[in-house]
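Reproduced below: work.cif, with mmCIF, C-alpha atoms.
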```cif
data_entry
loop_
_atom_site.group_PDB
_atom_site.id
_atom_site.type_symbol
_atom_site.label_atom_id
_atom_site.label_comp_id
_atom_site.auth_asym_id
_atom_site.auth_seq_id
_atom_site.Cartn_x
_atom_site.Cartn_y
_atom_site.Cartn_z
ATOM 1 C CA MET A 192 0.000 0.000 0.000
ATOM 2 C CA SER A 193 1.405 3.371 -0.973
ATOM 3 C CA VAL A 194 1.744 6.254 1.453
ATOM 4 C CA GLN A 195 -1.045 8.111 -0.371
ATOM 5 C CA GLU A 196 -3.363 5.118 -0.148
ATOM 6 C CA ARG A 197 -2.651 4.712 3.566
ATOM 7 C CA LYS A 198 -3.283 8.417 4.191
ATOM 8 C CA ALA A 199 -6.555 8.256 2.255
ATOM 9 C CA ARG A 200 -7.612 5.154 4.195
ATOM 10 C CA ASP A 201 -6.714 6.788 7.532
ATOM 11 C CA ARG A 202 -8.600 9.912 6.541
ATOM 12 C CA ALA A 203 -11.708 7.885 5.646
ATOM 13 C CA VAL A 204 -11.501 6.034 8.986
ATOM 14 C CA ARG A 205 -11.261 9.328 10.902
ATOM 15 C CA GLU A 206 -14.182 10.761 8.954
ATOM 16 C CA ARG A 207 -16.364 7.719 9.722
ATOM 17 C CA LEU A 208 -15.353 7.996 13.388
ATOM 18 C CA ILE A 209 -16.354 11.660 13.512
ATOM 19 C CA VAL A 210 -19.741 10.957 11.912
ATOM 20 C CA ALA A 211 -20.415 7.911 14.104
ATOM 21 C CA THR A 212 -19.459 9.803 17.253
ATOM 22 C CA ALA A 213 -21.600 12.816 16.322
ATOM 23 C CA ARG A 214 -24.523 10.528 15.619
ATOM 24 C CA GLU A 215 -24.084 8.642 18.892
ATOM 25 C CA LEU A 216 -23.811 11.847 20.903
ATOM 26 C CA ALA A 217 -26.848 13.348 19.164
ATOM 27 C CA GLU A 218 -28.919 10.208 19.772
ATOM 28 C CA GLN A 219 -27.931 10.194 23.458
ATOM 29 C CA GLN A 220 -28.108 13.902 24.281
ATOM 30 C CA GLY A 221 -29.547 15.748 21.291
ATOM 31 C CA TRP A 222 -27.899 17.833 18.607
ATOM 32 C CA ASP A 223 -27.230 20.730 20.976
ATOM 33 C CA ALA A 224 -24.709 18.496 22.739
ATOM 34 C CA VAL A 225 -22.767 17.961 19.516
ATOM 35 C CA THR A 226 -19.986 20.518 19.418
ATOM 36 C CA THR A 227 -16.619 20.328 17.725
ATOM 37 C CA ARG A 228 -14.945 20.527 21.125
ATOM 38 C CA ARG A 229 -16.914 17.570 22.493
ATOM 39 C CA LEU A 230 -16.380 15.568 19.332
ATOM 40 C CA ALA A 231 -12.642 16.244 19.398
ATOM 41 C CA GLU A 232 -12.491 15.098 23.029
ATOM 42 C CA ARG A 233 -14.498 11.941 22.357
ATOM 43 C CA ILE A 234 -12.533 10.842 19.327
ATOM 44 C CA GLU A 235 -9.239 11.961 20.872
ATOM 45 C CA TYR A 236 -8.176 14.190 18.025
ATOM 46 C CA SER A 237 -7.615 17.925 18.054
ATOM 47 C CA GLN A 238 -10.233 20.333 16.795
ATOM 48 C CA PRO A 239 -8.019 21.286 13.816
ATOM 49 C CA VAL A 240 -8.057 17.624 12.742
ATOM 50 C CA LEU A 241 -11.844 17.668 12.961
ATOM 51 C CA TYR A 242 -11.960 20.876 10.910
ATOM 52 C CA SER A 243 -9.709 19.266 8.287
ATOM 53 C CA HIS A 244 -12.637 16.899 7.590
ATOM 54 C CA PHE A 245 -15.664 19.133 8.183
ATOM 55 C CA ARG A 246 -15.959 22.917 8.198
ATOM 56 C CA GLY A 247 -18.257 22.741 11.189
ATOM 57 C CA LYS A 248 -21.314 21.198 12.756
ATOM 58 C CA ARG A 249 -23.496 21.923 9.728
ATOM 59 C CA GLU A 250 -21.373 19.668 7.509
ATOM 60 C CA ILE A 251 -21.336 16.981 10.194
ATOM 61 C CA ILE A 252 -25.133 17.090 10.320
ATOM 62 C CA GLY A 253 -25.130 16.753 6.539
ATOM 63 C CA ALA A 254 -22.859 13.708 6.703
ATOM 64 C CA VAL A 255 -25.128 12.085 9.303
ATOM 65 C CA ALA A 256 -28.133 12.875 7.099
ATOM 66 C CA LEU A 257 -26.547 11.221 4.061
ATOM 67 C CA GLU A 258 -25.689 8.134 6.077
ATOM 68 C CA GLY A 259 -29.216 8.072 7.472
ATOM 69 C CA ALA A 260 -30.780 8.445 4.028
ATOM 70 C CA ALA A 261 -28.875 5.394 2.824
ATOM 71 C CA GLU A 262 -29.997 3.401 5.869
ATOM 72 C CA MET A 263 -33.597 4.497 5.468
ATOM 73 C CA ALA A 264 -33.584 3.472 1.791
ATOM 74 C CA VAL A 265 -32.321 0.015 2.749
ATOM 75 C CA ALA A 266 -34.976 -0.351 5.479
ATOM 76 C CA VAL A 267 -37.831 0.781 3.223
ATOM 77 C CA ARG A 268 -36.741 -1.470 0.354
ATOM 78 C CA ALA A 269 -36.315 -4.478 2.637
ATOM 79 C CA ALA A 270 -39.770 -4.008 4.130
ATOM 80 C CA ALA A 271 -41.435 -3.494 0.760
ATOM 81 C CA SER A 272 -39.662 -6.438 -0.869
ATOM 82 C CA ALA A 273 -40.969 -8.795 1.827
ATOM 83 C CA ALA A 274 -44.574 -7.935 0.901
ATOM 84 C CA ASN A 275 -46.615 -9.612 -1.841
ATOM 85 C CA THR A 276 -49.262 -7.119 -2.956
ATOM 86 C CA PRO A 277 -49.137 -3.390 -3.678
ATOM 87 C CA ARG A 278 -51.180 -2.703 -0.528
ATOM 88 C CA GLU A 279 -48.864 -4.815 1.619
ATOM 89 C CA ARG A 280 -45.827 -3.077 0.087
ATOM 90 C CA VAL A 281 -47.196 0.394 0.837
ATOM 91 C CA ALA A 282 -48.169 -0.566 4.393
ATOM 92 C CA ALA A 283 -44.758 -2.179 4.978
ATOM 93 C CA LEU A 284 -43.025 0.888 3.567
ATOM 94 C CA ALA A 285 -45.040 3.174 5.872
ATOM 95 C CA ARG A 286 -44.285 1.070 8.950
ATOM 96 C CA ALA A 287 -40.572 0.876 8.055
ATOM 97 C CA TYR A 288 -40.381 4.640 7.562
ATOM 98 C CA LEU A 289 -42.117 5.406 10.870
ATOM 99 C CA ASP A 290 -40.029 2.797 12.671
ATOM 100 C CA PHE A 291 -36.839 4.332 11.272
ATOM 101 C CA ALA A 292 -37.919 7.776 12.464
ATOM 102 C CA GLU A 293 -38.728 6.444 15.934
ATOM 103 C CA ARG A 294 -35.527 4.404 16.331
ATOM 104 C CA ASN A 295 -33.222 7.141 14.968
ATOM 105 C CA PRO A 296 -34.569 10.511 16.128
ATOM 106 C CA ALA A 297 -31.277 12.398 15.786
ATOM 107 C CA VAL A 298 -30.672 10.994 12.315
ATOM 108 C CA TYR A 299 -34.246 11.820 11.347
ATOM 109 C CA ASP A 300 -33.693 15.378 12.582
ATOM 110 C CA ALA A 301 -30.476 15.598 10.567
ATOM 111 C CA LEU A 302 -32.373 14.445 7.498
ATOM 112 C CA PHE A 303 -35.486 16.577 7.776
ATOM 113 C CA GLN A 304 -35.321 19.163 10.539
ATOM 114 C CA LEU A 305 -31.799 20.567 10.739
ATOM 115 C CA ASP A 306 -29.669 22.471 8.250
ATOM 116 C CA GLY A 307 -27.000 20.105 7.036
ATOM 117 C CA GLY A 308 -26.224 22.218 3.991
ATOM 118 C CA LEU A 309 -27.770 19.653 1.646
ATOM 119 C CA ALA A 310 -29.868 20.433 -1.407
ATOM 120 C CA TYR A 311 -33.233 18.668 -1.545
ATOM 121 C CA ALA A 312 -35.294 18.279 -4.714
ATOM 122 C CA GLN A 313 -32.626 20.039 -6.755
ATOM 123 C CA GLU A 314 -30.327 19.142 -9.606
ATOM 124 C CA ASP A 315 -27.399 18.872 -7.155
ATOM 125 C CA THR A 316 -29.217 16.786 -4.535
ATOM 126 C CA PRO A 317 -26.744 14.220 -3.189
ATOM 127 C CA GLU A 318 -27.272 10.676 -4.433
ATOM 128 C CA PRO A 319 -28.204 9.136 -1.037
ATOM 129 C CA LEU A 320 -31.107 11.597 -0.727
ATOM 130 C CA LYS A 321 -32.256 10.859 -4.277
ATOM 131 C CA ASP A 322 -32.032 7.139 -3.571
ATOM 132 C CA ALA A 323 -34.080 7.418 -0.360
ATOM 133 C CA PHE A 324 -36.819 9.159 -2.324
ATOM 134 C CA ALA A 325 -36.526 6.541 -5.072
ATOM 135 C CA ALA A 326 -36.943 3.810 -2.451
ATOM 136 C CA LEU A 327 -40.278 5.356 -1.490
ATOM 137 C CA MET A 328 -41.358 5.896 -5.077
ATOM 138 C CA GLU A 329 -40.643 2.303 -6.093
ATOM 139 C CA SER A 330 -43.654 1.120 -4.097
ATOM 140 C CA LEU A 331 -45.736 4.272 -4.077
ATOM 141 C CA GLY A 332 -45.461 4.900 -7.799
ATOM 142 C CA GLU A 333 -47.334 1.706 -8.548
ATOM 143 C CA VAL A 334 -50.371 2.897 -6.539
ATOM 144 C CA ALA A 335 -50.376 6.566 -7.529
ATOM 145 C CA GLY A 336 -53.422 6.137 -9.706
ATOM 146 C CA ASP A 337 -54.314 7.084 -13.249
ATOM 147 C CA GLY A 338 -53.234 10.539 -14.271
ATOM 148 C CA VAL A 339 -51.255 11.122 -11.050
ATOM 149 C CA HIS A 340 -47.537 11.748 -11.361
ATOM 150 C CA PRO A 341 -45.752 9.067 -9.279
ATOM 151 C CA GLY A 342 -43.226 11.588 -7.921
ATOM 152 C CA LEU A 343 -45.940 13.983 -6.818
ATOM 153 C CA PHE A 344 -47.910 11.195 -5.172
ATOM 154 C CA THR A 345 -44.754 10.035 -3.395
ATOM 155 C CA GLU A 346 -44.168 13.564 -2.091
ATOM 156 C CA VAL A 347 -47.692 13.760 -0.665
ATOM 157 C CA PHE A 348 -47.491 10.307 0.927
ATOM 158 C CA TRP A 349 -44.013 11.071 2.293
ATOM 159 C CA ALA A 350 -45.292 14.366 3.744
ATOM 160 C CA SER A 351 -48.058 12.419 5.487
ATOM 161 C CA LEU A 352 -45.531 9.977 6.925
ATOM 162 C CA HIS A 353 -43.312 12.841 8.031
ATOM 163 C CA GLY A 354 -46.251 14.502 9.746
ATOM 164 C CA LEU A 355 -47.127 11.282 11.562
ATOM 165 C CA ALA A 356 -43.508 10.746 12.614
ATOM 166 C CA THR A 357 -43.097 14.308 13.830
ATOM 167 C CA LEU A 358 -46.417 14.567 15.646
ATOM 168 C CA THR A 359 -45.984 11.164 17.283
ATOM 169 C CA ARG A 360 -42.511 12.039 18.522
ATOM 170 C CA ALA A 361 -43.772 15.329 19.910
ATOM 171 C CA GLY A 362 -46.434 13.473 21.878
ATOM 172 C CA ARG A 363 -49.257 15.073 19.898
ATOM 173 C CA LEU A 364 -50.753 11.737 18.797
ATOM 174 C CA LEU A 365 -51.800 8.781 20.907
ATOM 175 C CA PRO A 366 -49.240 5.986 20.432
ATOM 176 C CA GLU A 367 -51.872 3.247 20.691
ATOM 177 C CA ASP A 368 -53.468 4.478 17.436
ATOM 178 C CA ALA A 369 -50.261 4.246 15.372
ATOM 179 C CA ALA A 370 -51.235 1.076 13.502
ATOM 180 C CA GLN A 371 -54.681 2.455 12.667
ATOM 181 C CA ARG A 372 -53.112 5.630 11.282
ATOM 182 C CA VAL A 373 -50.961 3.590 8.910
ATOM 183 C CA GLU A 374 -53.964 1.552 7.772
ATOM 184 C CA LEU A 375 -56.012 4.710 7.215
ATOM 185 C CA LEU A 376 -53.180 6.347 5.285
ATOM 186 C CA VAL A 377 -52.734 3.301 3.078
ATOM 187 C CA ASP A 378 -56.453 2.705 2.516
ATOM 188 C CA ARG A 379 -57.487 6.307 1.910
ATOM 189 C CA LEU A 380 -54.465 7.985 0.362
ATOM 190 C CA ALA A 381 -52.965 5.099 -1.559
ATOM 191 C CA LEU A 382 -56.395 3.622 -2.304
ATOM 192 C CA VAL A 383 -55.091 0.064 -2.299
#
```
As structure tokens:
Amino acid sequence: MSVQERKARDRAVRERLIVATARELAEQQGWDAVTTRRLAERIEYSQPVLYSHFRGKREIIGAVALEGAAEMAVAVRAAASAANTPRERVAALARAYLDFAERNPAVYDALFQLDGGLAYAQEDTPEPLKDAFAALMESLGEVAGDGVHPGLFTEVFWASLHGLATLTRAGRLLPEDAAQRVELLVDRLALV
């Protein structure tokens, strides 16, 4: 292995460590607890080393969001692929999405609530974000209905899921009705 290859490998390892540590700290104590000073202490590198990877917290949030988008796409696809009918796929997708949001609140915030410096629904949207949307559209596009653009339908369904995830987490919705909400969403919005 050349010196350049080793340096690149070491850099990638440090970057993954920074992202993983930021994510862990955010999941444990919230994003306010994630500071470059705390991260540098936890990973046992100096702040200048941290800044050589990320310009600041905003970019770290963006890196966590991209990682989370990839994980969410995998979860949604796995759930949908285990189902047999369009209705089962949409219901499985909805449950997987809401479960991801519940299990990973800091990642979900990085994806959809916080400024990670990422472009959404733009030409320069990073590939993991595009793929997460594509993972939703793969199942939702098949139930969009005649004359309805699959992307637009996916946006509306996704917005409904986001609202459910956000309101549930904020304690605004009764947790015991979660399954009924998914069924209602699938039956009435997806019409399957």
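Matched in the shown structure by the PyMOL selection byres ((chain A and resi 213-225) around 9): Leu208, Ile209, Val210, Ala211, Thr212, Thr226, Thr227, Arg228, Arg229, Leu230, Lys248, Ile251, Ile252, Val255, Asn295, Pro296, Ala297, Val298, Asp300 and Ala301 of chain A.
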Subject >> For Phe245 (chain A), the nearest of the candidates A:Leu380, A:Ser351, A:Ser272, A:Gly308, counting only C-alpha atoms >> reply: A:Gly308
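The coordinates place CA of Val265 (chain A) at 24.4 Å from CA of Arg205 (chain A).
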Please report as a Markdown table every residue of region 196-309 of chain A lying within 12 Å of region 364-371 of chain A, along with the nearest atom pair and their distance in Å (one decimal), using all atoms listed in the file.
```
| residue | atom | partner | partner_atom | distance |
| --- | --- | --- | --- | --- |
| A:Ala282 | CA | A:Ala370 | CA | 9.8 |
| A:Ala283 | CA | A:Ala370 | CA | 11.2 |
| A:Ala285 | CA | A:Ala370 | CA | 10.0 |
| A:Arg286 | CA | A:Ala370 | CA | 8.3 |
| A:Ala287 | CA | A:Ala370 | CA | 12.0 |
| A:Leu289 | CA | A:Ala369 | CA | 9.4 |
| A:Asp290 | CA | A:Ala369 | CA | 10.7 |
| A:Glu293 | CA | A:Pro366 | CA | 11.4 |
```
Quick one: what's the axis-aligned box for region 224-233 of chain A, all listed atoms, 3 Å on every side, centre and edges in Å to one decimal, as JSON?
```
{"center_x": -18.6, "center_y": 16.2, "center_z": 20.4, "size_x": 18.2, "size_y": 14.6, "size_z": 11.3}
```
For the file shown, report as a PDB file with C-alpha atoms, in the frame of the given file the outcome of the PyMOL selection byres ((chain A and resi 316-322) around 9) at residue level.
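Generated file (expr.pdb):
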```pdb
ATOM      1  CA  ALA A 256     -28.133  12.875   7.099  1.00  0.00           C
ATOM      2  CA  LEU A 257     -26.547  11.221   4.061  1.00  0.00           C
ATOM      3  CA  GLU A 258     -25.689   8.134   6.077  1.00  0.00           C
ATOM      4  CA  GLY A 259     -29.216   8.072   7.472  1.00  0.00           C
ATOM      5  CA  ALA A 260     -30.780   8.445   4.028  1.00  0.00           C
ATOM      6  CA  ALA A 261     -28.875   5.394   2.824  1.00  0.00           C
ATOM      7  CA  ALA A 264     -33.584   3.472   1.791  1.00  0.00           C
ATOM      8  CA  LEU A 302     -32.373  14.445   7.498  1.00  0.00           C
ATOM      9  CA  LEU A 309     -27.770  19.653   1.646  1.00  0.00           C
ATOM     10  CA  ALA A 310     -29.868  20.433  -1.407  1.00  0.00           C
ATOM     11  CA  TYR A 311     -33.233  18.668  -1.545  1.00  0.00           C
ATOM     12  CA  ALA A 312     -35.294  18.279  -4.714  1.00  0.00           C
ATOM     13  CA  GLN A 313     -32.626  20.039  -6.755  1.00  0.00           C
ATOM     14  CA  GLU A 314     -30.327  19.142  -9.606  1.00  0.00           C
ATOM     15  CA  ASP A 315     -27.399  18.872  -7.155  1.00  0.00           C
ATOM     16  CA  ALA A 323     -34.080   7.418  -0.360  1.00  0.00           C
ATOM     17  CA  PHE A 324     -36.819   9.159  -2.324  1.00  0.00           C
ATOM     18  CA  ALA A 325     -36.526   6.541  -5.072  1.00  0.00           C
ATOM     19  CA  ALA A 326     -36.943   3.810  -2.451  1.00  0.00           C
ATOM     20  CA  LEU A 327     -40.278   5.356  -1.490  1.00  0.00           C
TER      21      LEU A 327
END
```
**OP:** Between CA of Val267 (chain A) and CA of Leu284 (chain A), measure the distance and give it in Å to one decimal.
**Re:** 5.2 Å
Original post:
Do you have the CA of Tyr288 (chain A)-CA of Leu382 (chain A) distance handy?
Top reply: 18.8 Å
Subject >> Residues selected by the PyMOL selection byres ((chain A and resi 331) around 10), written as an MDAnalysis selection string >> reply: chainID A and resid 277:278 280:281 284 325:330 332:336 341:342 344:346 348:349 381
Original post:
Counting all atoms listed in the file, what is within 10 Å of region 197-204 of chain A, bar same-chain residues fewer than 6 positions away, as a count of residues only?
Top reply: 3
**OP:** Can you work out which one of A:Gly307, A:Ala270, A:Phe291, A:Asn275 has the shortest atom-to-atom distance to Glu250 (chain A), counting all atoms listed in the file?
**Re:** A:Gly307
